[in-house]
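Below is one structure, written out as structure tokens; comments come after it.
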Amino acid sequence: MTPLLRVEGLVAGWQAPACQAVSLAIGAGEIVGLTGPNGVGKSTVLAALAGRAKVFAGHVERRPGLRLALQTQEVPPVVGLSLAGSELLALTGASPEGLPPWLAGRLDLRLDRLSGGQRHYLALWAILAAPADLLLLDEPTNNLDAAGVAHLVASLRARAAAGLGVLVVSHDAEFVKVACDRVLCMEASDVE
Amino acid sequence: MWNEIFLVPFLTGLVLAVLLPVLGCYLRLRDEWLAALAYAHVAAAGALLALLAHLPPALGGMLAAGAAGAGKRALAGRLAGGAAYAFLLLAGWALAVLLTANQPMAERLGHALFDGQLYFADAGQLPWIVLWLLAALAVLARLSRWLLLCHLYPDFFRAQGRKSWPVQPGFNLLAALSLALATMNLGVMGAFALVFVPPWLAFRRARNWRGGLLLATGFSVVAYGLAFFAALHLDQPFGPVLALVVMGLALLFAA
């Protein structure tokens, strides 16, 4: 089956290359983890796949018509904004179905009236549940408690079972072990 | 009051009192409320230049503000740290004040724009302003989701392959032209008061985005009406009265 994404010898960066060459392929229904020490370029690889960072070398091949969804480490600036949770989900086309009970009943509240953790999970859900074929996640477990991480794992598995491909950058070894089908580790040398 | 000399300007300003707070909500979302002041000052300078060139001031104001809105992105690229709007504001203000001080033809209009005396729109302009309101609201309704998405999830917006035009440059142009129209009719600070204060209140008090737009608009219309009658009754310049009414009511309801 044609992979959703195939990457060969990708060297990505901003003003200069920020990572060693990376090669990987992600098929529909696969959850692939990308780990490695800080500064090795994991987030930069993700940014390059989403068209943000520059590709200095290598090749990125996407399935024609591929719909991408990208979650970054930056938190949406919702404090002080009169925006309800339901309106946030509507922006990305995310369905509220499957939200954890501690959040499902709070969608009519302004986002800045939620707790930090609730707000973070809802902002993540807006990307996680958006219509997409391939989901790129950058440290999704930041600021999540154990219940949040467990719900995230279950939701990723459910979406993957429906055909979504996922590439997740994470330093959370436990999360990666439980959520991912396979894991690639970026180090100072080439990664395959 | 129901004499046409007051009714037409009242209705013209009322239409703008509906549009400005809606625009202001999106400007505030993008942290670009200073843009309103910049566009208003550039429009004032453009209107005065047009007057001296024996062209309709409103046309000059809209052309100048439109050029500022269209060129904002290029200017922002060259002037880091958000200085583009400050530079536009200063340039517009300086040129307008110098024209007012040195050109007798420009003196009356210049004072009207900055002191806040109502610029008396004639009956012929009102239908055009109503049409502009309807067109602007229709455009904003289409752009709304993308403006919010651009601000909250810019990477998601780009990853989905969406193009910046017509969302961001289109909105800049719409805001600039609308502020120019408003400046011609309400004065520089009167227009700014309606673009800044109602959204400020809405962001504090509304329960959601849609509610915020309605709150900002309703508040603006009520404040405008009260200010118009107060200025007329007290025989005072409209701009400062509007600013005081808007601010006073907003502080009353903000807590």
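Residues are named by chain letter and number: chains run A, B, ... in the order of the structure tokens, numbers start at 1 in each chain, and ligands are numbered from 1 in the order shown.
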### Shell around A:Gly41 at 9 Å using only C-alpha atoms, local window under 4 positions removed, as a list in words
Ala12, Gly13, Ala18, Cys19, Gln20, Gly36, Pro37, Val45, Leu46 and Met186 of chain A
### Backbone DSSP call of alpha helix (DSSP H) for stretch 41-221 of chain B, listed as a ChimeraX atom specification
/B:41-52,57-78,83-102,104-115,125-152,154-159,168-186,188-205,209-221
#### Entry: Test item: chain A residues at most 8 Å from chain B, counting only C-alpha atoms, as a VMD selection string
chain A and resid 50 to 52 67 to 72 76 to 78 80 to 84 87 91 to 92 108 to 110 127
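Taking atom CA of B:Gly248 as the reference point, atom CA of B:Ala44 is found at 26.4 Å.
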### Query
Which polymer residues have any atom within 7 Å of an atom of A:Gly29, counting only C-alpha atoms, with same-chain residues fewer than 6 positions away left out, as a list in words?
Ala160, Ala161, Ala162, Gly163, Leu164 and Gly165 of chain A
Keeping only C-alpha atoms, write the selected residues as a PDB file, in the first residue's frame.
ATOM      1  CA  ALA A 160      -5.431   5.109  13.769  1.00  0.00           C
ATOM      2  CA  ALA A 161      -7.857   2.191  13.615  1.00  0.00           C
ATOM      3  CA  ALA A 162      -9.988   4.390  11.341  1.00  0.00           C
ATOM      4  CA  GLY A 163      -7.039   4.927   8.997  1.00  0.00           C
ATOM      5  CA  LEU A 164      -5.282   8.026  10.320  1.00  0.00           C
ATOM      6  CA  GLY A 165      -1.485   8.014  10.210  1.00  0.00           C
TER       7      GLY A 165
END
Could you give me, as a PDB file with N, CA, C and O atoms, in the first residue's frame, the residues within 6 Å of stretch 177-185 of chain B, counting only C-alpha atoms and dropping anything in the same chain fewer than 3 positions from it?
ATOM      1  N   ALA B  40      -6.815  55.676  10.369  1.00  0.00           N
ATOM      2  CA  ALA B  40      -7.618  56.889  10.503  1.00  0.00           C
ATOM      3  C   ALA B  40      -6.760  58.129  10.228  1.00  0.00           C
ATOM      4  O   ALA B  40      -7.197  59.051   9.539  1.00  0.00           O
ATOM      5  N   ALA B  43      -5.879  58.253   6.571  1.00  0.00           N
ATOM      6  CA  ALA B  43      -7.075  58.660   5.820  1.00  0.00           C
ATOM      7  C   ALA B  43      -7.276  60.172   5.924  1.00  0.00           C
ATOM      8  O   ALA B  43      -7.635  60.832   4.945  1.00  0.00           O
ATOM      9  N   GLY B  61      -9.151  59.999   1.107  1.00  0.00           N
ATOM     10  CA  GLY B  61      -8.977  59.278   2.358  1.00  0.00           C
ATOM     11  C   GLY B  61      -8.940  57.776   2.147  1.00  0.00           C
ATOM     12  O   GLY B  61      -8.101  57.072   2.705  1.00  0.00           O
ATOM     13  N   MET B  62      -9.851  57.291   1.315  1.00  0.00           N
ATOM     14  CA  MET B  62      -9.913  55.845   1.078  1.00  0.00           C
ATOM     15  C   MET B  62      -8.701  55.357   0.292  1.00  0.00           C
ATOM     16  O   MET B  62      -8.159  54.285   0.568  1.00  0.00           O
ATOM     17  N   ALA B  65      -5.700  55.347   2.800  1.00  0.00           N
ATOM     18  CA  ALA B  65      -5.815  54.267   3.785  1.00  0.00           C
ATOM     19  C   ALA B  65      -5.698  52.911   3.096  1.00  0.00           C
ATOM     20  O   ALA B  65      -5.095  51.983   3.634  1.00  0.00           O
ATOM     21  N   GLY B  66      -6.277  52.804   1.905  1.00  0.00           N
ATOM     22  CA  GLY B  66      -6.186  51.554   1.159  1.00  0.00           C
ATOM     23  C   GLY B  66      -4.752  51.199   0.823  1.00  0.00           C
ATOM     24  O   GLY B  66      -4.328  50.050   0.940  1.00  0.00           O
ATOM     25  N   TYR B 119     -18.577  65.436  10.403  1.00  0.00           N
ATOM     26  CA  TYR B 119     -18.423  65.816   8.998  1.00  0.00           C
ATOM     27  C   TYR B 119     -19.760  65.514   8.364  1.00  0.00           C
ATOM     28  O   TYR B 119     -20.145  64.369   8.262  1.00  0.00           O
ATOM     29  N   LEU B 174      -9.778  45.719   3.874  1.00  0.00           N
ATOM     30  CA  LEU B 174     -11.143  46.010   4.317  1.00  0.00           C
ATOM     31  C   LEU B 174     -11.124  46.943   5.526  1.00  0.00           C
ATOM     32  O   LEU B 174     -11.888  47.911   5.606  1.00  0.00           O
ATOM     33  N   VAL B 188     -11.303  61.389  13.424  1.00  0.00           N
ATOM     34  CA  VAL B 188     -10.252  60.397  13.710  1.00  0.00           C
ATOM     35  C   VAL B 188     -10.524  59.669  15.022  1.00  0.00           C
ATOM     36  O   VAL B 188     -10.577  58.435  15.077  1.00  0.00           O
ATOM     37  N   ALA B 191     -13.923  57.643  15.334  1.00  0.00           N
ATOM     38  CA  ALA B 191     -13.838  56.328  14.687  1.00  0.00           C
ATOM     39  C   ALA B 191     -13.040  55.371  15.565  1.00  0.00           C
ATOM     40  O   ALA B 191     -13.430  54.218  15.758  1.00  0.00           O
TER      41      ALA B 191
END
### Query
Counting only C-alpha atoms, what is within 10 Å of A:Leu103, bar same-chain residues fewer than 4 positions away, as a ChimeraX atom specification?
/A:85,96,99,107,114,118-119,121-122
